[in-house]
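*Asks:* Quick one: the structure is below, questions incoming.
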Amino acid sequence: MPEEAKRRSAYEVAKAQFLEAAKHLNLPEDIQEFLLTPKRELIVHFPVIMDDGRLRMFTGYRVHHSTVKGPTKGGIRYHPSVNLDEIRALAMWMTWKCALMDLPYGGAKGGVAVDPSSLSEGELKRLTRRYAAEISILLGPERDIPAPDVGTNPRIMGWIMDTYSIHKGYSVPAVVTGKPISIGGSKGRIDATGLGVMYTTRETLHRKGIHLHEVTVAVQGFGNVGSIAAMAMHREGAKIVAVSDVHGGVYNPNGLDPFDLKRHVDQAGTVATYPLGDPITNRELLTMDVDVLVPAALEGVIDEELAPEVKARFIAEGANGPLTVEADKILLDKGVTIIPDILCNAGGVVVSYFEWVQDLQSFFWTEDEIRRQLKRIMLTNFDAVWDQALVKNVDLRTAAYTLAISRVAEALEARGVYP
Ligand code: GLU
């Protein structure tokens, strides 16, 4: 059996996390089952004409986990390992993330099993437009609003907005967030997730009497989340000693300059060849002796085999689901403070919400206003999680989950079950 298949799927991890949190809530079993079950799941197989003129079939997904609190929200992922179980897990995590930030949304996720870097620009555009058309029966500003995730970006969101709009016969900017600013995107959206990772890390450290300028940090992943988080923490004085991506990593005990690293990545396509440091593997990065570890790549990267080796005292989950359930337990037992994904990386969906509101009103905010509101929402809910952890005497993930789940359960109670 391949290694992957032996491991619990991301969906099983997501369900286990829910059930762990539910132990601390007075939720009847039937309500738990309702909250665990994805509302609708669409699988599409569709053709794309490749540059050589031949047709190739692709498989895509869009899962709506919950519509209890409003239209569904969540990104679209392009990655070769995308499958239904992964998208289900990611959709469920969006439900809790949106509820935790008190946004009027349910959770969704979508994806296509493809390596986007293997496609030409034209192929990527045709794949995106066809996938968007295939899932358009589920989309709409009042229905389901996608956004970028691993392997997608503002340009791809622009094509989705255009495809949906062409079919409608008029422009519908609010159907997708994370778009280019010229077509209704929001200022501050690109930086939002990484900035939120910095805010929640800074806040967690403060509660322990530590400042960002006193800590060393290792960041796994140098995409939209990892690179911005590294820059934001560097700006606050943290020493970024290691960074990695899918090709490998780089280590410098005296600190790396993430802005210079970014310039290198823009040219070379990877951090692994950065000359001002020593090459390291991803495993070495994850087990490095640092104060703060930021896994900002994919789910399941720290499992029960790796967890005993982890030396960081704080883990800031920039990625969704980077720890398996077993790893989470091992790390908590070791006294590691884990800032859970649904809190740590929620900055992206918070500014997505601002983008949607701005599009619906056709009135756009300044970057200052966006930063101010992002900080307000993240820190208000950070406080709520911290207090919940103290009151219930639980870790931050369980605290975040119990808060989020009880908000959705309260909305379900208010709506009732039809008919
Ligand atoms: N893909 C991001 C996430 O996992 C953003 C979702 C959104 O903005 O809707 O939170």
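Each chain in the structure tokens gets a letter, A, B, ..., in the order shown, and its residues are numbered from 1; ligands are numbered from 1 in order too.
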Please find the residues contacting ligand 1 at a distance of at most 8 Å between atoms, with only C-alpha atoms and all ligand atoms counted, and report them as a ChimeraX atom specification.

*Replies:* /A:73-77,90,94,97,109,145-150,177-178,193,319-320,342,345-353

*Asks:* Considering only alpha helix (DSSP H) as DSSP defines it on the backbone, what residues of stretch 307-393 of chain A qualify? List them as a PyMOL selection string.

*Replies:* chain A and resi 325-333+341-344+347-361+367-392

*Asks:* Determine the nearest neighbour of A:Ala113 from the options A:Arg62, A:His167, A:Arg283, A:Arg207, counting only C-alpha atoms.

*Replies:* A:Arg62

*Asks:* Quick one: pick out all strand (DSSP E or B) residues within stretch 87-140 of chain A from a backbone DSSP run and write them as a ChimeraX atom specification.

*Replies:* /A:106-113,140

*Asks:* List the spatial neighbours of A:Leu293 as a list in words - criterion: any atom at most 6 Å away, only C-alpha atoms, same-chain residues fewer than 2 positions off excluded.

*Replies:*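 Answer for this query is Val217, Ala218, Ala312 and Ile315 of chain A.
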
*Asks:* Near A:Ser227, within 10 Å and counting only C-alpha atoms, which residues show up once chain neighbours fewer than 5 positions away are dropped, as a PyMOL selection string?

*Replies:* chain A and resi 191+194+219-222+232+243+258-259+261-262+296

*Asks:* Let me see the file: selected residues, all heavy atoms, as a short mmCIF file (atom, residue, chain, number, x, y, z; two decimals), in the first residue's frame.

*Replies:*
```cif
data_model
loop_
_atom_site.label_atom_id
_atom_site.label_comp_id
_atom_site.auth_asym_id
_atom_site.auth_seq_id
_atom_site.Cartn_x
_atom_site.Cartn_y
_atom_site.Cartn_z
N ASP A 191 -1.92 40.14 0.69
CA ASP A 191 -1.13 40.05 1.92
C ASP A 191 -1.89 39.47 3.10
O ASP A 191 -1.30 39.18 4.15
CB ASP A 191 -0.65 41.46 2.36
CG ASP A 191 0.38 42.01 1.41
OD1 ASP A 191 0.77 41.28 0.49
OD2 ASP A 191 0.77 43.17 1.60
N GLY A 194 -0.98 35.95 5.08
CA GLY A 194 0.34 36.00 5.73
C GLY A 194 0.37 37.00 6.88
O GLY A 194 0.98 36.74 7.93
N VAL A 219 10.04 28.64 8.22
CA VAL A 219 8.79 28.68 7.44
C VAL A 219 8.84 27.63 6.35
O VAL A 219 9.74 27.64 5.50
CB VAL A 219 8.59 30.08 6.79
CG1 VAL A 219 7.26 30.15 6.06
CG2 VAL A 219 8.66 31.18 7.84
N GLN A 220 7.87 26.71 6.36
CA GLN A 220 7.78 25.72 5.27
C GLN A 220 6.76 26.22 4.25
O GLN A 220 5.59 26.41 4.57
CB GLN A 220 7.33 24.35 5.78
CG GLN A 220 7.40 23.33 4.65
CD GLN A 220 6.55 22.10 4.88
OE1 GLN A 220 5.51 22.15 5.50
NE2 GLN A 220 6.99 20.98 4.33
N GLY A 221 7.21 26.43 3.02
CA GLY A 221 6.32 26.95 1.98
C GLY A 221 6.65 28.41 1.77
O GLY A 221 6.71 29.19 2.73
N PHE A 222 6.91 28.79 0.52
CA PHE A 222 7.22 30.20 0.25
C PHE A 222 6.28 30.72 -0.84
O PHE A 222 6.65 31.48 -1.71
CB PHE A 222 8.69 30.35 -0.14
CG PHE A 222 9.25 31.73 0.14
CD1 PHE A 222 9.41 32.17 1.45
CD2 PHE A 222 9.60 32.58 -0.89
CE1 PHE A 222 9.91 33.44 1.72
CE2 PHE A 222 10.12 33.85 -0.64
CZ PHE A 222 10.27 34.28 0.67
N ALA A 232 6.35 39.65 6.98
CA ALA A 232 5.69 40.40 8.06
C ALA A 232 6.41 40.16 9.39
O ALA A 232 6.60 41.10 10.18
CB ALA A 232 4.22 40.00 8.16
N VAL A 243 13.82 28.60 5.47
CA VAL A 243 12.65 28.66 4.59
C VAL A 243 12.77 27.51 3.60
O VAL A 243 13.89 27.17 3.18
CB VAL A 243 12.61 30.01 3.84
CG1 VAL A 243 11.57 30.00 2.74
CG2 VAL A 243 12.32 31.17 4.79
N PRO A 258 13.73 37.78 3.89
CA PRO A 258 12.69 37.21 3.02
C PRO A 258 12.38 38.06 1.79
O PRO A 258 11.91 37.53 0.78
CB PRO A 258 11.47 37.09 3.94
CG PRO A 258 11.78 37.83 5.17
CD PRO A 258 13.25 38.04 5.25
N PHE A 259 12.67 39.37 1.87
CA PHE A 259 12.42 40.23 0.71
C PHE A 259 13.42 39.88 -0.40
O PHE A 259 13.08 39.78 -1.57
CB PHE A 259 12.53 41.71 1.10
CG PHE A 259 11.43 42.14 2.02
CD1 PHE A 259 11.59 42.06 3.40
CD2 PHE A 259 10.22 42.59 1.51
CE1 PHE A 259 10.57 42.43 4.27
CE2 PHE A 259 9.19 42.96 2.36
CZ PHE A 259 9.37 42.88 3.74
N LEU A 261 14.97 36.99 -0.58
CA LEU A 261 14.60 35.63 -0.98
C LEU A 261 13.51 35.65 -2.06
O LEU A 261 13.54 34.89 -3.01
CB LEU A 261 14.06 34.88 0.24
CG LEU A 261 14.94 33.81 0.85
CD1 LEU A 261 14.34 33.36 2.17
CD2 LEU A 261 15.07 32.62 -0.07
N LYS A 262 12.56 36.54 -1.85
CA LYS A 262 11.43 36.64 -2.80
C LYS A 262 11.95 37.05 -4.18
O LYS A 262 11.52 36.50 -5.20
CB LYS A 262 10.41 37.66 -2.26
CG LYS A 262 9.23 37.93 -3.17
CD LYS A 262 8.20 36.82 -3.08
CE LYS A 262 6.93 37.13 -3.84
NZ LYS A 262 7.05 37.05 -5.28
N ALA A 296 3.44 26.23 6.15
CA ALA A 296 2.55 27.02 5.28
C ALA A 296 2.51 26.40 3.88
O ALA A 296 2.52 27.11 2.87
CB ALA A 296 3.02 28.48 5.23
#
```

*Asks:* Using only C-alpha atoms, which of A:Val225, A:Val215, A:Val271, A:Leu343 sits nearest A:Trp386?

*Replies:*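 Once distances to A:Trp386 are computed over only C-alpha atoms, the minimum belongs to A:Leu343.
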
*Asks:* May I ask which of the residues A:Pro141, A:Gly196, A:Pro322, A:Pro28 is the closest one to A:Arg376, counting only C-alpha atoms?

*Replies:*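 Residue with the minimum atom-to-atom distance to A:Arg376: A:Gly196.
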
*Asks:* Contacts between stretch 32-49 of chain A and stretch 62-180 of chain A, please, where a residue of stretch 62-180 of chain A counts if it comes within 6 Å (with only C-alpha atoms); show its shortest atom pair and distance in Å to one decimal, rows by chain and ascending number, as CSV.

*Replies:*
```
residue,atom,partner,partner_atom,distance
A:Arg62,CA,A:Leu42,CA,5.3
A:Val63,CA,A:Glu41,CA,4.4
A:His64,CA,A:Arg40,CA,5.2
A:His65,CA,A:Pro38,CA,4.0
A:Ser66,CA,A:Lys39,CA,5.7
A:Leu127,CA,A:Val48,CA,5.8
```
